[in-house]
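Below is one structure, written out as structure tokens, with a few remarks after it.
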Amino acid sequence: MPIFLDVHKVPFKEENLRELVDAPMDEYGVSHVNLFYNKDAGVCFCLLDAPDTEAVIKHHDKVNIECEWITQVTMAKVNKMMSDIKEKDK
């Protein structure tokens, strides 16, 4: 599946973000690859495995989060977990 990066304000506590990153794939086919956040700035960057941009939007809409931007990305370095996911998708 394609990989997407998005940015939005962080309405959650740090502990919630740590739980979210390990959450199973949702009903839109979206799963977290990783989350990057700056607690002081209140900003979160989500790296997501998703079928398309619309699925990313729905993933955030269900918890009332509006992304400032969403873009499909290619990772320069693919870790073992991502290699396994990509192999499974073939």
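Following the order of the structure tokens, chains are lettered A, B, ..., residues in each are numbered from 1, and ligands are numbered from 1.
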
*Pull the strand (DSSP E or B) assignments for chain A out of DSSP run on the backbone, and list those residues as a ChimeraX atom specification.*
/A:3-9,31-38,43-49,69-73

Export N, CA and C atoms of the chosen residues as a short mmCIF file (atom, residue, chain, number, x, y, z; two decimals), in the first residue's frame?
```cif
data_model
loop_
_atom_site.label_atom_id
_atom_site.label_comp_id
_atom_site.auth_asym_id
_atom_site.auth_seq_id
_atom_site.Cartn_x
_atom_site.Cartn_y
_atom_site.Cartn_z
N ILE A 3 2.32 4.90 1.16
CA ILE A 3 2.65 5.51 2.46
C ILE A 3 2.33 7.00 2.37
N PHE A 4 1.69 7.52 3.42
CA PHE A 4 1.31 8.93 3.46
C PHE A 4 1.89 9.59 4.71
N LEU A 5 2.21 10.87 4.57
CA LEU A 5 2.66 11.69 5.69
C LEU A 5 1.66 12.82 5.83
N ASP A 6 1.22 13.06 7.06
CA ASP A 6 0.31 14.19 7.29
C ASP A 6 0.74 14.94 8.54
N VAL A 7 0.22 16.13 8.68
CA VAL A 7 0.52 16.94 9.87
C VAL A 7 -0.79 17.55 10.39
N HIS A 8 -0.88 17.60 11.72
CA HIS A 8 -2.05 18.20 12.36
C HIS A 8 -1.73 18.54 13.79
N LYS A 9 -2.61 19.28 14.42
CA LYS A 9 -2.47 19.59 15.84
C LYS A 9 -2.66 18.32 16.65
N SER A 31 -3.20 2.08 8.69
CA SER A 31 -2.43 1.70 9.89
C SER A 31 -1.24 2.64 10.02
N HIS A 32 -0.82 2.83 11.26
CA HIS A 32 0.30 3.73 11.55
C HIS A 32 1.63 3.02 11.30
N VAL A 33 2.50 3.69 10.55
CA VAL A 33 3.88 3.23 10.42
C VAL A 33 4.66 3.81 11.59
N ASN A 34 4.43 5.10 11.85
CA ASN A 34 5.06 5.77 12.99
C ASN A 34 4.37 7.12 13.19
N LEU A 35 4.57 7.70 14.36
CA LEU A 35 4.08 9.04 14.68
C LEU A 35 5.27 9.85 15.19
N PHE A 36 5.35 11.08 14.76
CA PHE A 36 6.38 12.00 15.23
C PHE A 36 5.65 13.21 15.78
N TYR A 37 6.03 13.67 16.96
CA TYR A 37 5.31 14.79 17.53
C TYR A 37 6.24 15.70 18.31
N ASN A 38 5.81 16.95 18.41
CA ASN A 38 6.49 17.95 19.21
C ASN A 38 5.49 18.42 20.24
N VAL A 43 2.18 19.65 17.74
CA VAL A 43 2.09 19.21 16.35
C VAL A 43 2.44 17.73 16.25
N CYS A 44 1.70 17.03 15.37
CA CYS A 44 1.94 15.61 15.15
C CYS A 44 2.08 15.35 13.65
N PHE A 45 3.08 14.55 13.29
CA PHE A 45 3.26 14.07 11.93
C PHE A 45 2.95 12.58 11.95
N CYS A 46 2.01 12.15 11.12
CA CYS A 46 1.65 10.74 11.05
C CYS A 46 2.24 10.15 9.77
N LEU A 47 2.92 9.04 9.90
CA LEU A 47 3.37 8.27 8.75
C LEU A 47 2.44 7.06 8.70
N LEU A 48 1.63 6.99 7.65
CA LEU A 48 0.55 6.02 7.58
C LEU A 48 0.65 5.13 6.35
N ASP A 49 0.27 3.88 6.52
CA ASP A 49 0.09 2.95 5.43
C ASP A 49 -1.40 2.99 5.11
N TRP A 69 -2.04 19.20 6.07
CA TRP A 69 -1.71 18.67 4.74
C TRP A 69 -1.46 17.18 4.82
N ILE A 70 -1.64 16.53 3.66
CA ILE A 70 -1.43 15.10 3.49
C ILE A 70 -0.69 14.93 2.17
N THR A 71 0.34 14.11 2.17
CA THR A 71 1.05 13.84 0.92
C THR A 71 1.51 12.39 0.89
N GLN A 72 1.47 11.80 -0.30
CA GLN A 72 2.01 10.46 -0.47
C GLN A 72 3.52 10.58 -0.54
N VAL A 73 4.22 9.66 0.14
CA VAL A 73 5.68 9.73 0.19
C VAL A 73 6.30 8.37 -0.16
#
```

*Quick one: everything within 12 Å of Asp61 (chain A), counting only C-alpha atoms, minus sequence neighbours fewer than 6 positions away in the same chain. Send it as a PyMOL selection string.*
chain A and resi 8+28+54-55+67

Restrict the selected residues to C-alpha atoms and save them as a CSV table (one decimal), in the first residue's frame.
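The new file part_0.csv reads:
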```csv
chain,number,residue,atom,x,y,z
A,8,HIS,CA,-2.1,18.2,12.4
A,28,TYR,CA,-10.6,2.4,6.2
A,54,GLU,CA,-9.4,9.7,1.1
A,55,ALA,CA,-8.8,6.8,3.6
A,67,CYS,CA,-5.0,17.6,8.7
```

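Of the listed residues (A:Ala76, A:Val21, A:Val30, A:Ala41), A:Val30 comes nearest to Ile57 (chain A); the distances count only C-alpha atoms.
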
*So how far away is CA of His59 (chain A) from CA of Asp22 (chain A), in Å?*
14.8 Å

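A straight line drawn from CA of Lys58 (chain A) to CA of Glu19 (chain A) is 19.3 Å long.
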
_As an exercise, work out the distance from CA of Asp40 (chain A) to CA of Glu66 (chain A) in Å and give it to one decimal place._
19.2 Å

*Could you give me the residues within chain A that DSSP places in helix (DSSP H, G or I), as number ranges by chain?*
A: 14-20, 53-61, 80-89

Selection file, C-alpha atoms, as a tab-separated table (two decimals), in the first residue's frame:
```tsv
chain	number	residue	atom	x	y	z
A	14	GLU	CA	1.63	11.58	24.81
A	15	GLU	CA	0.49	8.21	26.18
A	16	ASN	CA	-2.39	8.14	23.67
A	17	LEU	CA	0.02	8.69	20.77
A	18	ARG	CA	2.14	5.76	21.92
A	19	GLU	CA	-0.97	3.57	21.96
A	20	LEU	CA	-2.17	4.81	18.57
A	53	THR	CA	-5.65	10.02	0.53
A	54	GLU	CA	-9.39	9.69	1.12
A	55	ALA	CA	-8.79	6.84	3.59
A	56	VAL	CA	-6.30	9.06	5.48
A	57	ILE	CA	-8.90	11.84	5.68
A	58	LYS	CA	-11.58	9.45	6.96
A	59	HIS	CA	-9.09	7.99	9.48
A	60	HIS	CA	-8.62	11.44	11.00
A	61	ASP	CA	-12.25	12.59	10.59
A	80	LYS	CA	12.23	-4.64	8.23
A	81	MET	CA	8.62	-4.04	9.30
A	82	MET	CA	7.86	-2.06	6.16
A	83	SER	CA	9.57	-4.69	3.98
A	84	ASP	CA	7.29	-7.34	5.49
A	85	ILE	CA	4.20	-5.17	4.87
A	86	LYS	CA	5.16	-4.47	1.26
A	87	GLU	CA	5.86	-8.16	0.63
A	88	LYS	CA	2.44	-9.08	2.08
A	89	ASP	CA	0.72	-6.58	-0.26
```
